[in-house]
file run24.csv (CSV, C-alpha atoms and all ligand atoms)
chain,number,residue,atom,x,y,z
A,1,MET,CA,-9.8,-13.2,-17.5
A,2,VAL,CA,-8.5,-11.2,-14.5
A,3,LYS,CA,-9.1,-12.5,-11.0
A,4,ALA,CA,-8.6,-10.1,-8.1
A,5,VAL,CA,-8.5,-11.3,-4.5
A,6,VAL,CA,-8.9,-9.3,-1.3
A,7,LEU,CA,-7.5,-10.9,1.9
A,8,GLY,CA,-9.2,-9.2,4.9
A,9,ALA,CA,-12.3,-8.4,2.8
A,10,ALA,CA,-14.8,-8.1,5.6
A,11,GLY,CA,-12.9,-5.3,7.3
A,12,GLY,CA,-13.2,-1.5,7.4
A,13,ILE,CA,-11.0,-1.2,4.3
A,14,GLY,CA,-11.8,-4.6,2.8
A,15,GLN,CA,-15.5,-4.0,2.3
A,16,PRO,CA,-15.4,-0.6,0.5
A,17,LEU,CA,-12.3,-1.8,-1.4
A,18,ALA,CA,-14.2,-4.9,-2.6
A,19,LEU,CA,-17.1,-2.6,-3.6
A,20,LEU,CA,-14.8,-0.4,-5.8
A,21,LEU,CA,-13.1,-3.5,-7.3
A,22,LYS,CA,-16.5,-4.9,-8.1
A,23,THR,CA,-17.2,-1.8,-10.3
A,24,ASN,CA,-13.8,-2.0,-12.0
A,25,PRO,CA,-14.3,-3.1,-15.7
A,26,LEU,CA,-10.8,-4.6,-15.8
A,27,ILE,CA,-11.8,-7.3,-13.2
A,28,ASP,CA,-13.8,-10.4,-14.2
A,29,GLU,CA,-13.7,-12.3,-11.0
A,30,LEU,CA,-13.4,-11.1,-7.4
A,31,GLY,CA,-12.5,-13.5,-4.6
A,32,LEU,CA,-13.0,-12.3,-1.0
A,33,TYR,CA,-11.3,-13.9,2.0
A,34,ASP,CA,-11.5,-13.1,5.7
A,35,ILE,CA,-11.7,-15.0,9.0
A,36,VAL,CA,-15.3,-13.8,9.3
A,37,ASN,CA,-18.3,-12.6,7.2
A,38,THR,CA,-17.1,-12.9,3.6
A,39,PRO,CA,-20.1,-15.0,2.5
A,40,GLY,CA,-22.4,-12.1,3.4
A,41,VAL,CA,-20.2,-9.4,1.9
A,42,ALA,CA,-19.9,-11.5,-1.3
A,43,ALA,CA,-23.7,-12.1,-1.5
A,44,ASP,CA,-24.3,-8.4,-1.0
A,45,LEU,CA,-21.8,-7.3,-3.7
A,46,SER,CA,-23.0,-10.0,-6.1
A,47,HIS,CA,-26.3,-8.1,-6.6
A,48,ILE,CA,-24.5,-5.1,-8.1
A,49,ALA,CA,-25.0,-5.0,-11.9
A,50,THR,CA,-21.4,-5.2,-13.0
A,51,PRO,CA,-19.8,-8.1,-14.7
A,52,ALA,CA,-17.3,-9.3,-12.0
A,53,LYS,CA,-18.3,-12.6,-10.4
A,54,VAL,CA,-17.9,-12.4,-6.7
A,55,GLU,CA,-17.3,-15.3,-4.3
A,56,GLY,CA,-16.6,-15.3,-0.5
A,57,PHE,CA,-14.3,-17.7,1.4
A,58,LEU,CA,-13.6,-18.5,5.0
A,59,PRO,CA,-10.7,-20.5,6.5
A,60,PRO,CA,-12.5,-23.9,6.7
A,61,ASN,CA,-12.3,-26.2,3.7
A,62,ASP,CA,-9.0,-24.7,2.5
A,63,GLY,CA,-10.7,-21.3,1.9
A,64,LEU,CA,-7.4,-19.5,1.5
A,65,LYS,CA,-6.2,-22.0,-1.1
A,66,GLN,CA,-9.6,-21.8,-2.9
A,67,VAL,CA,-9.7,-18.0,-3.1
A,68,LEU,CA,-6.1,-17.8,-4.3
A,69,THR,CA,-6.5,-20.3,-7.1
A,70,ASN,CA,-5.9,-18.5,-10.4
A,71,ALA,CA,-5.5,-15.1,-8.7
A,72,ASP,CA,-3.8,-12.5,-10.8
A,73,ILE,CA,-3.7,-9.7,-8.2
A,74,VAL,CA,-4.0,-10.0,-4.5
A,75,VAL,CA,-4.7,-7.0,-2.2
A,76,ILE,CA,-4.0,-7.5,1.5
A,77,PRO,CA,-5.8,-5.2,4.0
A,78,ALA,CA,-6.0,-8.0,6.7
A,79,GLY,CA,-4.9,-7.1,10.2
A,80,VAL,CA,-5.6,-4.8,13.1
A,81,PRO,CA,-5.7,-1.0,12.8
A,82,ARG,CA,-4.4,1.6,15.2
A,83,LYS,CA,-6.1,3.2,18.2
A,84,PRO,CA,-5.2,6.6,19.5
A,85,GLY,CA,-1.8,6.7,21.0
A,86,MET,CA,-0.4,3.8,18.9
A,87,THR,CA,2.2,4.0,16.2
A,88,ARG,CA,2.0,1.8,13.1
A,89,ASP,CA,4.9,-0.1,14.5
A,90,ASP,CA,2.8,-1.1,17.5
A,91,LEU,CA,0.7,-3.2,15.1
A,92,PHE,CA,3.7,-5.3,14.1
A,93,LYS,CA,3.2,-7.8,16.9
A,94,ILE,CA,-0.2,-8.9,15.6
A,95,ASN,CA,0.0,-8.0,11.9
A,96,ALA,CA,3.4,-9.6,11.1
A,97,GLY,CA,2.1,-13.1,11.8
A,98,ILE,CA,-1.1,-12.5,9.8
A,99,VAL,CA,0.8,-11.2,6.8
A,100,ARG,CA,3.3,-14.0,7.0
A,101,ASP,CA,0.6,-16.7,7.0
A,102,LEU,CA,-1.3,-15.0,4.1
A,103,ALA,CA,2.0,-14.6,2.2
A,104,THR,CA,2.7,-18.3,2.7
A,105,GLY,CA,-0.7,-19.1,1.1
A,106,ILE,CA,0.0,-16.9,-1.9
A,107,ALA,CA,3.5,-18.4,-2.3
A,108,GLN,CA,2.0,-21.8,-2.4
A,109,THR,CA,-1.1,-21.2,-4.6
A,110,ALA,CA,-0.6,-18.0,-6.6
A,111,PRO,CA,3.2,-17.3,-6.7
A,112,LYS,CA,2.9,-15.2,-9.9
A,113,ALA,CA,0.1,-12.9,-8.7
A,114,PHE,CA,0.8,-9.2,-8.1
A,115,VAL,CA,0.7,-8.7,-4.4
A,116,LEU,CA,-0.4,-5.3,-3.0
A,117,VAL,CA,0.2,-4.9,0.8
A,118,ILE,CA,-1.9,-2.5,2.7
A,119,SER,CA,-1.6,-4.0,6.2
A,120,ASN,CA,0.6,-1.9,8.6
A,121,PRO,CA,3.4,-1.4,9.3
A,122,VAL,CA,3.9,-1.4,5.5
A,123,ASN,CA,7.6,-0.6,5.9
A,124,SER,CA,8.0,-4.0,7.6
A,125,THR,CA,5.1,-6.1,6.2
A,126,VAL,CA,6.4,-5.8,2.6
A,127,PRO,CA,9.8,-7.3,3.5
A,128,ILE,CA,7.9,-10.0,5.4
A,129,VAL,CA,6.1,-11.0,2.2
A,130,ALA,CA,9.3,-10.9,0.2
A,131,GLU,CA,11.2,-13.1,2.8
A,132,VAL,CA,8.3,-15.7,2.8
A,133,PHE,CA,8.4,-15.8,-1.0
A,134,LYS,CA,12.2,-16.2,-1.0
A,135,LYS,CA,11.9,-19.1,1.4
A,136,HIS,CA,9.5,-20.7,-1.1
A,137,GLY,CA,11.8,-19.9,-4.0
A,138,VAL,CA,9.2,-17.8,-5.8
A,139,PHE,CA,10.2,-14.2,-5.1
A,140,ASP,CA,9.8,-11.8,-8.0
A,141,PRO,CA,10.6,-8.3,-6.8
A,142,LYS,CA,8.7,-6.8,-9.8
A,143,ARG,CA,5.4,-8.2,-8.5
A,144,LEU,CA,5.4,-7.0,-4.9
A,145,PHE,CA,4.1,-3.6,-3.9
A,146,GLY,CA,3.5,-1.7,-0.6
A,147,VAL,CA,0.5,0.5,-1.1
A,148,THR,CA,1.5,4.1,-0.2
A,149,THR,CA,-1.1,5.7,-2.5
A,150,LEU,CA,-3.1,7.2,0.4
A,151,ASP,CA,-0.1,9.4,1.2
A,152,VAL,CA,-0.2,10.6,-2.5
A,153,VAL,CA,-4.0,11.1,-2.3
A,154,ARG,CA,-3.6,13.1,0.9
A,155,ALA,CA,-0.9,15.2,-0.7
A,156,SER,CA,-3.1,16.0,-3.7
A,157,THR,CA,-6.0,17.0,-1.4
A,158,PHE,CA,-4.0,19.1,1.1
A,159,VAL,CA,-2.1,20.9,-1.6
A,160,SER,CA,-5.3,21.8,-3.5
A,161,GLU,CA,-6.7,23.0,-0.2
A,162,VAL,CA,-3.7,25.3,0.2
A,163,LEU,CA,-4.2,26.5,-3.4
A,164,GLY,CA,-7.8,27.3,-2.4
A,165,ASP,CA,-9.4,25.1,-5.0
A,166,LEU,CA,-10.5,21.5,-4.2
A,167,SER,CA,-11.5,21.0,-7.8
A,168,LEU,CA,-7.8,20.8,-8.5
A,169,SER,CA,-7.3,17.8,-6.3
A,170,LYS,CA,-7.8,15.2,-9.1
A,171,SER,CA,-5.1,16.8,-11.2
A,172,VAL,CA,-2.5,17.8,-8.5
A,173,THR,CA,0.2,15.2,-8.3
A,174,VAL,CA,2.9,15.3,-5.7
A,175,PRO,CA,5.5,12.5,-5.5
A,176,VAL,CA,5.6,11.1,-1.9
A,177,VAL,CA,8.6,8.9,-1.4
A,178,GLY,CA,10.3,6.9,1.4
A,179,GLY,CA,7.9,4.7,3.3
A,180,HIS,CA,4.5,4.7,5.0
A,181,SER,CA,4.8,6.0,8.5
A,182,GLY,CA,5.6,9.3,10.1
A,183,VAL,CA,8.9,10.8,9.1
A,184,THR,CA,9.5,8.0,6.5
A,185,ILE,CA,6.7,9.7,4.5
A,186,VAL,CA,8.5,12.3,2.4
A,187,PRO,CA,6.4,14.6,0.2
A,188,LEU,CA,8.4,16.2,-2.6
A,189,LEU,CA,6.4,19.4,-2.8
A,190,SER,CA,9.0,21.0,-5.0
A,191,GLN,CA,8.0,18.5,-7.7
A,192,SER,CA,4.3,19.1,-7.3
A,193,SER,CA,2.5,19.4,-10.7
A,194,HIS,CA,1.0,22.6,-9.1
A,195,PRO,CA,3.6,24.7,-7.3
A,196,LEU,CA,2.8,26.2,-3.9
A,197,PRO,CA,2.0,30.0,-4.0
A,198,SER,CA,5.1,32.1,-4.3
A,199,GLY,CA,6.3,33.3,-0.9
A,200,PHE,CA,4.6,30.4,0.8
A,201,ALA,CA,5.7,30.9,4.5
A,202,GLN,CA,8.1,28.5,6.1
A,203,ASP,CA,5.7,27.7,9.0
A,204,LYS,CA,2.9,26.9,6.5
A,205,TYR,CA,5.3,24.7,4.6
A,206,ASP,CA,6.2,22.8,7.7
A,207,ALA,CA,2.6,22.4,8.7
A,208,LEU,CA,1.7,21.0,5.3
A,209,ILE,CA,4.6,18.5,5.4
A,210,LYS,CA,3.5,17.4,8.8
A,211,ARG,CA,-0.1,17.1,7.8
A,212,ILE,CA,0.8,14.8,4.9
A,213,GLN,CA,3.2,12.8,7.1
A,214,PHE,CA,0.7,12.4,10.0
A,215,GLY,CA,-2.6,12.4,8.1
A,216,GLY,CA,-3.2,8.9,9.4
A,217,ASP,CA,-3.1,10.3,13.0
A,218,GLU,CA,-5.8,12.9,12.1
A,219,VAL,CA,-8.2,10.1,11.2
A,220,VAL,CA,-7.3,7.8,14.1
A,221,LYS,CA,-7.9,10.7,16.5
A,222,ALA,CA,-11.2,11.7,14.8
A,223,LYS,CA,-12.4,8.0,14.9
A,224,ASP,CA,-11.6,8.0,18.6
A,225,GLY,CA,-10.9,4.3,19.1
A,226,ALA,CA,-13.0,3.0,16.2
A,227,GLY,CA,-10.0,2.4,13.9
A,228,SER,CA,-8.1,4.3,11.3
A,229,ALA,CA,-8.6,5.4,7.7
A,230,THR,CA,-10.8,2.9,5.8
A,231,LEU,CA,-12.8,4.8,3.1
A,232,SER,CA,-9.9,7.0,1.8
A,233,MET,CA,-7.7,3.9,2.0
A,234,ALA,CA,-10.2,1.8,0.0
A,235,TYR,CA,-10.3,4.6,-2.6
A,236,ALA,CA,-6.5,4.8,-2.7
A,237,GLY,CA,-6.1,1.0,-2.9
A,238,ALA,CA,-8.6,0.7,-5.7
A,239,GLU,CA,-6.8,3.5,-7.6
A,240,PHE,CA,-3.4,1.7,-7.3
A,241,ALA,CA,-4.9,-1.7,-8.1
A,242,SER,CA,-6.4,-0.2,-11.2
A,243,LYS,CA,-3.1,1.3,-12.3
A,244,VAL,CA,-1.4,-2.2,-11.9
A,245,LEU,CA,-4.2,-3.7,-14.0
A,246,ARG,CA,-4.1,-1.0,-16.7
A,247,ALA,CA,-0.3,-1.7,-17.1
A,248,VAL,CA,-0.9,-5.4,-17.2
A,249,LYS,CA,-3.4,-4.8,-20.1
A,250,GLY,CA,-0.7,-3.0,-22.0
A,251,GLU,CA,-1.2,0.7,-21.3
A,252,LYS,CA,2.2,2.4,-21.5
A,253,GLY,CA,3.6,5.0,-19.2
A,254,VAL,CA,1.6,4.1,-16.1
A,255,LYS,CA,3.4,5.5,-13.1
A,256,ALA,CA,2.8,5.6,-9.3
A,257,PRO,CA,4.7,6.0,-6.1
A,258,THR,CA,4.8,2.7,-4.4
A,259,TYR,CA,7.0,0.9,-1.8
A,260,VAL,CA,9.0,-1.8,-3.7
A,261,SER,CA,12.1,-4.0,-3.4
A,262,LEU,CA,14.9,-2.1,-5.1
A,263,ALA,CA,16.0,-5.5,-6.5
A,264,ALA,CA,13.2,-4.9,-9.0
A,265,ASP,CA,15.4,-2.4,-10.9
A,266,PRO,CA,19.1,-2.6,-10.2
A,267,LYS,CA,19.9,0.5,-12.3
A,268,GLY,CA,17.3,2.6,-10.5
A,269,ALA,CA,18.5,1.2,-7.2
A,270,GLU,CA,22.1,2.3,-8.0
A,271,ALA,CA,20.9,5.9,-8.7
A,272,LEU,CA,18.8,6.0,-5.5
A,273,LYS,CA,21.7,4.6,-3.4
A,274,LYS,CA,23.8,7.6,-4.5
A,275,GLU,CA,21.0,10.0,-3.7
A,276,LEU,CA,20.2,8.5,-0.3
A,277,GLY,CA,23.8,8.1,0.7
A,278,GLN,CA,23.3,4.4,1.6
A,279,GLU,CA,21.7,1.3,0.3
A,280,LEU,CA,18.2,0.3,1.3
A,281,GLU,CA,16.5,-2.9,0.3
A,282,TYR,CA,13.1,-1.2,0.0
A,283,PHE,CA,12.0,2.3,-0.8
A,284,SER,CA,8.9,4.1,-2.1
A,285,SER,CA,9.6,6.1,-5.3
A,286,ILE,CA,7.8,6.7,-8.5
A,287,VAL,CA,7.6,3.4,-10.3
A,288,GLU,CA,6.8,2.8,-13.9
A,289,LEU,CA,4.5,-0.2,-14.3
A,290,GLY,CA,4.2,-2.7,-17.1
A,291,PRO,CA,2.7,-6.1,-18.0
A,292,GLU,CA,5.2,-7.9,-15.6
A,293,GLY,CA,5.0,-5.3,-12.8
A,294,VAL,CA,7.8,-2.9,-12.0
A,295,VAL,CA,9.5,-1.6,-15.2
A,296,ALA,CA,11.7,1.1,-13.7
A,297,ILE,CA,12.1,2.9,-10.3
A,298,SER,CA,12.8,6.6,-10.6
A,299,PRO,CA,15.5,8.3,-8.7
A,300,LEU,CA,14.5,11.3,-6.6
A,301,GLY,CA,15.9,13.8,-9.1
A,302,SER,CA,16.3,17.4,-8.2
A,303,ILE,CA,15.1,18.1,-4.6
A,304,THR,CA,15.4,21.1,-2.3
A,305,GLU,CA,17.6,21.3,0.8
A,306,GLN,CA,14.5,21.0,3.0
A,307,GLU,CA,13.5,17.8,1.2
A,308,GLN,CA,17.1,16.5,1.6
A,309,THR,CA,16.7,17.0,5.4
A,310,LEU,CA,13.4,15.1,5.3
A,311,ILE,CA,15.1,12.2,3.4
A,312,LYS,CA,18.0,12.2,6.0
A,313,ALA,CA,15.4,11.7,8.8
A,314,ALA,CA,13.5,9.0,6.9
A,315,VAL,CA,16.4,6.7,5.9
A,316,PRO,CA,17.6,5.3,9.3
A,317,GLU,CA,14.0,4.7,10.4
A,318,LEU,CA,13.2,2.9,7.2
A,319,SER,CA,16.3,0.8,7.5
A,320,THR,CA,15.3,-0.3,11.0
A,321,ASN,CA,11.7,-1.1,9.9
A,322,ILE,CA,13.0,-3.2,7.0
A,323,GLN,CA,15.3,-5.1,9.2
A,324,THR,CA,12.5,-5.8,11.7
A,325,GLY,CA,10.5,-7.4,8.9
A,326,VAL,CA,13.4,-9.4,7.5
A,327,SER,CA,14.5,-10.7,10.9
A,328,PHE,CA,10.9,-11.8,11.8
A,329,ILE,CA,10.9,-14.2,8.9
A,330,GLY,CA,14.5,-15.2,9.6
A,331,SER,CA,13.4,-16.4,13.0
A,332,SER,CA,10.0,-17.8,11.9
A,333,LYS,CA,9.3,-21.5,11.2
A,334,LEU,CA,7.4,-21.6,7.9
B,1,LIG,N1,-1.3,1.2,3.7
B,1,LIG,C1,-2.0,2.2,4.2
B,1,LIG,O1,-2.0,3.3,3.7
B,1,LIG,C2,-3.1,1.9,5.2
B,1,LIG,C3,-3.0,0.7,5.9
B,1,LIG,N2,-4.0,0.5,6.9
B,1,LIG,C4,-3.9,-0.8,7.6
B,1,LIG,O2,-4.8,-1.8,7.0
B,1,LIG,C5,-5.1,-2.8,8.0
B,1,LIG,C6,-6.6,-3.0,8.0
B,1,LIG,O3,-7.3,-1.9,8.5
B,1,LIG,P1,-8.9,-2.0,8.7
B,1,LIG,O4,-9.5,-2.5,7.5
B,1,LIG,O5,-9.3,-0.6,9.2
B,1,LIG,O6,-9.0,-3.0,9.9
B,1,LIG,P2,-10.3,-3.9,10.3
B,1,LIG,O7,-10.1,-4.5,11.6
B,1,LIG,O8,-11.6,-3.1,10.1
B,1,LIG,O9,-10.3,-5.1,9.2
B,1,LIG,C7,-9.3,-6.0,9.2
B,1,LIG,C8,-9.9,-7.3,8.7
B,1,LIG,O10,-8.8,-8.3,8.6
B,1,LIG,C9,-9.4,-9.5,9.0
B,1,LIG,N3,-8.3,-10.5,9.4
B,1,LIG,C10,-7.7,-10.6,10.5
B,1,LIG,N4,-6.8,-11.6,10.5
B,1,LIG,C11,-7.0,-12.2,9.3
B,1,LIG,C12,-6.4,-13.3,8.7
B,1,LIG,N5,-5.5,-14.1,9.3
B,1,LIG,N6,-6.8,-13.6,7.4
B,1,LIG,C13,-7.7,-12.8,6.8
B,1,LIG,N7,-8.3,-11.8,7.3
B,1,LIG,C14,-7.9,-11.5,8.6
B,1,LIG,C15,-10.3,-9.2,10.1
B,1,LIG,O11,-11.3,-10.2,10.4
B,1,LIG,C16,-10.9,-7.9,9.6
B,1,LIG,O12,-12.1,-8.1,8.9
B,1,LIG,C17,-4.5,-2.3,9.3
B,1,LIG,O13,-3.3,-2.9,9.5
B,1,LIG,C18,-4.3,-0.8,9.0
B,1,LIG,O14,-3.3,-0.2,9.8
B,1,LIG,C19,-5.0,1.3,7.1
B,1,LIG,C20,-5.1,2.5,6.4
B,1,LIG,C21,-4.1,2.9,5.5
B,2,LIG,O1,-2.7,5.8,10.3
B,2,LIG,C1,-3.0,4.6,10.2
B,2,LIG,O2,-2.7,3.8,11.1
B,2,LIG,C2,-3.5,4.0,9.0
B,2,LIG,C3,-2.7,4.4,7.9
B,2,LIG,O3,-1.7,3.8,7.5
B,2,LIG,C4,-3.0,5.7,7.2
B,2,LIG,O4,-4.1,6.3,7.4
B,2,LIG,O5,-2.2,6.3,6.5
call {"tool": "encode", "arguments": {"input": "run24.csv", "output": "structure tokens", "more": "lines below"}}
Ligand SMILES: NC(=O)C1=CN([C@@H]2O[C@H](COP(=O)(O)OP(=O)(O)OC[C@H]3O[C@@H](n4cnc5c(N)ncnc54)[C@H](O)[C@@H]3O)[C@@H](O)[C@H]2O)C=CC1
Ligand SMILES: O=C([O-])CC(=O)C(=O)O
result
Amino acid sequence: MVKAVVLGAAGGIGQPLALLLKTNPLIDELGLYDIVNTPGVAADLSHIATPAKVEGFLPPNDGLKQVLTNADIVVIPAGVPRKPGMTRDDLFKINAGIVRDLATGIAQTAPKAFVLVISNPVNSTVPIVAEVFKKHGVFDPKRLFGVTTLDVVRASTFVSEVLGDLSLSKSVTVPVVGGHSGVTIVPLLSQSSHPLPSGFAQDKYDALIKRIQFGGDEVVKAKDGAGSATLSMAYAGAEFASKVLRAVKGEKGVKAPTYVSLAADPKGAEALKKELGQELEYFSSIVELGPEGVVAISPLGSITEQEQTLIKAAVPELSTNIQTGVSFIGSSKL
């Protein structure tokens, strides 16, 4: 029996994500939690002819505790999205407290669940979850993930557009490392499964990097005040959740870039530290997944000088973002 839970399930991401999870054959039970509307979303989804049993919960009557009871995997898209002109860090003020409170609930009721954090700013919200878990004495770095899959999905799509063949997008894989905001998003195009055309011009390369790094802004601008990416994020979140569950079920060699605590793999962390030139507590790199979560965190490997420059720009900002999350819990009464 596998129980998946979505916290923030009535939102722009939460609803389509819950829909995709309802169609995932690896999930037997789907728990939906939000501060509004989850009974309706659950009733709607429950009519879909797939096996997963769906139930919706609200805060009254210990709803958070109820939804998290026996949870195996918890996905968190709860929180406010950006409006034009905002950075992801501007969301910290509201989302940090939301994520802290949900993490407290998970630490108390489902401390062994895999936790997948979507709520922004991911670079800081993942450390928040970890610090809450540490305060409760239940932190297992192998089971906590920041979902950066949308960056990987965008890279596949934009590279296949450059190659002039969108049908390639499912098979193009580009490692995207670092974190999940602006310059902390580092696409390693030199490691793309499908190389860029030979003689690809520098200005085109720069534009492609920028588009992957700031793909979120493109959607925020187009939605014009109505929020940020929801449908592509739901797709990406469902893809990543599915990978975690496939690994749990025993499939070998499942890998994905994801933002993790480097304490999950000290050997991998040591190699990354050498490459990055300094120690970071969290970093998104290609992670091998297994039945207990993180098996190994890959080093960057061979990268170009241009990519080295991108990494140099990412590291200090990541370090600040991580510290912001850690200090927030340091000063929070739990
Ligand atoms: N990691 C990533 O790649 C991406 C992350 N995001 C982030 O995901 C988050 C959600 O985005 P949307 O779904 O578009 O926002 P939304 O506003 O449509 O939905 C958020 C949902 O969270 C719920 N919520 C608020 N406080 C809650 C609480 N304490 N407990 C449970 N639920 C609560 C709201 O009621 C709402 O239904 C944002 O922070 C956004 O920045 C968005 C896109 C990509
Ligand atoms: O841009 C945003 O605020 C939402 C997000 O994280 C993304 O689309 O990558």
call {"tool": "closest_residue", "arguments": {"input": "run24.csv", "among": "A:Val177, A:Leu245, A:Leu310, A:Ala10", "to": "ligand LIG 1 (chain B)", "atoms": "all atoms listed in the file"}}
result
A:Ala10
call {"tool": "residues_around", "arguments": {"input": "run24.csv", "residues": "Glu288 in chain A", "least_positions_apart": "6", "cutoff": "10 Å", "atoms": "all atoms listed in the file", "output": "PyMOL selection string"}}
result
chain A and resi 244+247+252-258+294-298
call {"tool": "residues_near_ligand", "arguments": {"input": "run24.csv", "ligand": "ligand LIG 2 (chain B)", "cutoff": "10 Å", "atoms": "all atoms listed in the file", "output": "PyMOL selection string"}}
result
chain A and resi 80-84+86-91+118-122+147-151+154+180-182+185+212-221+227-233
call {"tool": "closest_residue", "arguments": {"input": "run24.csv", "among": "A:Glu251, A:Glu275, A:Glu131, A:Glu239", "to": "Ser327 in chain A", "atoms": "only C-alpha atoms"}}
result
A:Glu131
call {"tool": "closest_residue", "arguments": {"input": "run24.csv", "among": "A:Thr109, A:Gln66, A:Asn123, A:Ser331", "to": "ligand LIG 1 (chain B)", "atoms": "only C-alpha atoms and all ligand atoms"}}
result
A:Asn123
call {"tool": "residues_around", "arguments": {"input": "run24.csv", "residues": "Pro39 in chain A", "least_positions_apart": "3", "cutoff": "10 Å", "atoms": "only C-alpha atoms", "output": "mmCIF file with C-alpha atoms, in the frame of the given file"}}
result
data_model
loop_
_atom_site.group_PDB
_atom_site.id
_atom_site.type_symbol
_atom_site.label_atom_id
_atom_site.label_comp_id
_atom_site.auth_asym_id
_atom_site.auth_seq_id
_atom_site.Cartn_x
_atom_site.Cartn_y
_atom_site.Cartn_z
ATOM 1 C CA ALA A 10 -14.800 -8.100 5.600
ATOM 2 C CA LEU A 32 -13.000 -12.300 -1.000
ATOM 3 C CA TYR A 33 -11.300 -13.900 2.000
ATOM 4 C CA ASP A 34 -11.500 -13.100 5.700
ATOM 5 C CA VAL A 36 -15.300 -13.800 9.300
ATOM 6 C CA ALA A 42 -19.900 -11.500 -1.300
ATOM 7 C CA ALA A 43 -23.700 -12.100 -1.500
ATOM 8 C CA ASP A 44 -24.300 -8.400 -1.000
ATOM 9 C CA VAL A 54 -17.900 -12.400 -6.700
ATOM 10 C CA GLU A 55 -17.300 -15.300 -4.300
ATOM 11 C CA GLY A 56 -16.600 -15.300 -0.500
ATOM 12 C CA PHE A 57 -14.300 -17.700 1.400
ATOM 13 C CA LEU A 58 -13.600 -18.500 5.000
#
call {"tool": "atom_distance", "arguments": {"input": "run24.csv", "atom1": "atom O8 of ligand LIG 1 (chain B)", "atom2": "CA of Val117 in chain A"}}
result
15.1 Å
call {"tool": "closest_residue", "arguments": {"input": "run24.csv", "among": "A:Thr69, A:Gln15, A:Thr324, A:Thr184", "to": "Phe92 in chain A", "atoms": "only C-alpha atoms"}}
result
A:Thr324
call {"tool": "residues_around", "arguments": {"input": "run24.csv", "residues": "Val326 in chain A", "least_positions_apart": "4", "cutoff": "7 Å", "atoms": "all atoms listed in the file", "output": "list in words"}}
result
Pro127, Ile128, Glu131, Ile322 and Gly330 of chain A
call {"tool": "atom_distance", "arguments": {"input": "run24.csv", "atom1": "CA of Ala264 in chain A", "atom2": "CA of Ser242 in chain A"}}
result
20.3 Å
call {"tool": "atom_distance", "arguments": {"input": "run24.csv", "atom1": "atom O8 of ligand LIG 1 (chain B)", "atom2": "CA of Asn95 in chain A"}}
result
12.7 Å
call {"tool": "residues_around", "arguments": {"input": "run24.csv", "residues": "Ser171 in chain A", "least_positions_apart": "6", "cutoff": "12 Å", "atoms": "only C-alpha atoms", "output": "number ranges by chain"}}
result
A: 152-153, 155-157, 159-160, 165, 192-194
call {"tool": "write_last_selection", "arguments": {"input": "run24.csv", "atoms": "C-alpha atoms", "output": "mmCIF file, in the coordinates of the input"}}
result
data_model
loop_
_atom_site.group_PDB
_atom_site.id
_atom_site.type_symbol
_atom_site.label_atom_id
_atom_site.label_comp_id
_atom_site.auth_asym_id
_atom_site.auth_seq_id
_atom_site.Cartn_x
_atom_site.Cartn_y
_atom_site.Cartn_z
ATOM 1 C CA VAL A 152 -0.200 10.600 -2.500
ATOM 2 C CA VAL A 153 -4.000 11.100 -2.300
ATOM 3 C CA ALA A 155 -0.900 15.200 -0.700
ATOM 4 C CA SER A 156 -3.100 16.000 -3.700
ATOM 5 C CA THR A 157 -6.000 17.000 -1.400
ATOM 6 C CA VAL A 159 -2.100 20.900 -1.600
ATOM 7 C CA SER A 160 -5.300 21.800 -3.500
ATOM 8 C CA ASP A 165 -9.400 25.100 -5.000
ATOM 9 C CA SER A 192 4.300 19.100 -7.300
ATOM 10 C CA SER A 193 2.500 19.400 -10.700
ATOM 11 C CA HIS A 194 1.000 22.600 -9.100
#
